[in-house]
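This report concerns only the one structure given below.
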Amino acid sequence: MNRHRRTFLQGAASAGLVATAIAAGLLKPGQVLADWNAAGFGATKTADALAAIGGSGAAESKDITIKAPDIAENGAVVPVEVVTTLANVESISILGEKNANPLVAFYALTDFDGTLATRMRMGQTANVRAVVKAGGKVYTAAKEVKVTVGGCGG
Amino acid sequence: MAIAMRVRAGSGEIKVLMTHPSENGLRKDAKSGQLIPAHFVKNVVVAVNGKTVMDGQWGGGISKDPYLAFKVKGMKVGDKVTVSAEDNTGDKGSVEATAS
């Protein structure tokens, strides 16, 4: 059993989303990983989420800047902006390292011009991590955000 | 139920704002103490003049009323920007705007 399959199964078991989606006829088996990265979004550890998006071993990069508040009073809405000077960006992923499910968003990009912003939930004080695939290589950067009131439940 | 959303495009930037609970399935209802079922947007696709510039996947970690903004190279005034989204219950939405 290879690592991806193991991660996928663990993720599916914890979230139950895949089985539900297949049962509901929304997703056909075999399309799941291509359409929505169930292994990544279902992962409960950052390392597993990174593996599922091909971000393991990403090089720390100064060409990625994460703009987010130093202190977020409300973890339910944390504005995050990823700015990068890397050329030929293929994808950007955003993770909250201590969230129940660390992977928050994955964006495959074409003609990307360096800036992407979104709003995410954070359960507790943690690193917000961005993983950028550019020119066939994977880079990463992180910024700590202190969370006063968590926004993930639990 | 369709996913309601707005899109604005101009000066090389596309901004999308949706109306959606984005429940991650981990929060409890304050009154009943029951878990609120997961209900979040899974896929969001943005195209300029029919060419996909973003194929996004979201988890329940995206905030309520999801917001997304990003810059695209080579966008011109008059370009047609389309955004479509689908959530984990199969609800869909799409919207079109002209870049200004």
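Scheme for the structure tokens: letters A, B, ... for chains in order shown; per-chain residue numbers from 1; ligand numbers from 1 in order shown.
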
Discussion item. Could you work out which residues of chain B fall inside 8 Å of chain A? Count only C-alpha atoms, and format the result as a ChimeraX atom specification.
Written reply: /B:24,26-28,42-43,52-64,66-74,88,90

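The residue set within 12 Å of Lys62 (chain A), counting only C-alpha atoms and dropping same-chain residues fewer than 4 places from it, reads A:Ile66, A:Val83, A:Thr84, A:Thr85, A:Leu86, A:Ala130, A:Val132, A:Tyr139, A:Thr140, A:Ala141, A:Ala142, A:Lys143.
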
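Neighbours of Ala2 (chain B) closer than or equal to 7 Å, with only C-alpha atoms counted and sequence neighbours fewer than 5 positions away skipped, come out as Asp91, Lys92 and Gly93 of chain B.
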
With C-alpha atoms retained, export the selected residues as a short mmCIF file (atom, residue, chain, number, x, y, z; two decimals), in the first residue's frame.
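Saved result, out_32.cif, follows:
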data_model
loop_
_atom_site.label_atom_id
_atom_site.label_comp_id
_atom_site.auth_asym_id
_atom_site.auth_seq_id
_atom_site.Cartn_x
_atom_site.Cartn_y
_atom_site.Cartn_z
CA ASP B 91 -25.80 23.03 -5.17
CA LYS B 92 -24.33 25.10 -7.99
CA GLY B 93 -24.04 28.71 -8.96
#

Worksheet item: Tell me, which residues of region 24-140 of chain A carry DSSP helix (DSSP H, G or I), written as a PyMOL selection string?
Response: chain A and resi 32-35+38-42+46-52

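Atom pair CA of Gly78 (chain B) / CA of Met18 (chain B): separated by 22.7 Å.
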
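Here CA of Ser61 (chain A) is placed at a distance of 20.8 Å from CA of Asp48 (chain A).
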
Fill in: Atom pair CA of Val41 (chain B) / CA of Val83 (chain B): separation (Å)
12.9 Å

Worksheet entry | Nearest residue to Ser100 (chain B) from the set B:Val77, B:Ala85, B:Ile36, B:Ala47 (distances using only C-alpha atoms) | B:Val77

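You can rank A:Ile71, A:Val131, A:Ala87, A:Ile64 by their closest distance to Glu144 (chain A) using only C-alpha atoms, and at the top of that list sits A:Ile71.
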
Worksheet entry | Nearest to Gly57 (chain A) by atom-to-atom distance, counting only C-alpha atoms, from A:Ala39, A:Ala126, A:Val138, A:Ala72 | A:Val138

Discussion item. For Asp70 (chain A), find every residue with an atom within 10 Å (counting only C-alpha atoms), except residues of its own chain fewer than 2 positions away, and show them as a PyMOL selection string.
Written reply: chain A and resi 67-68+72-73+125+143-147
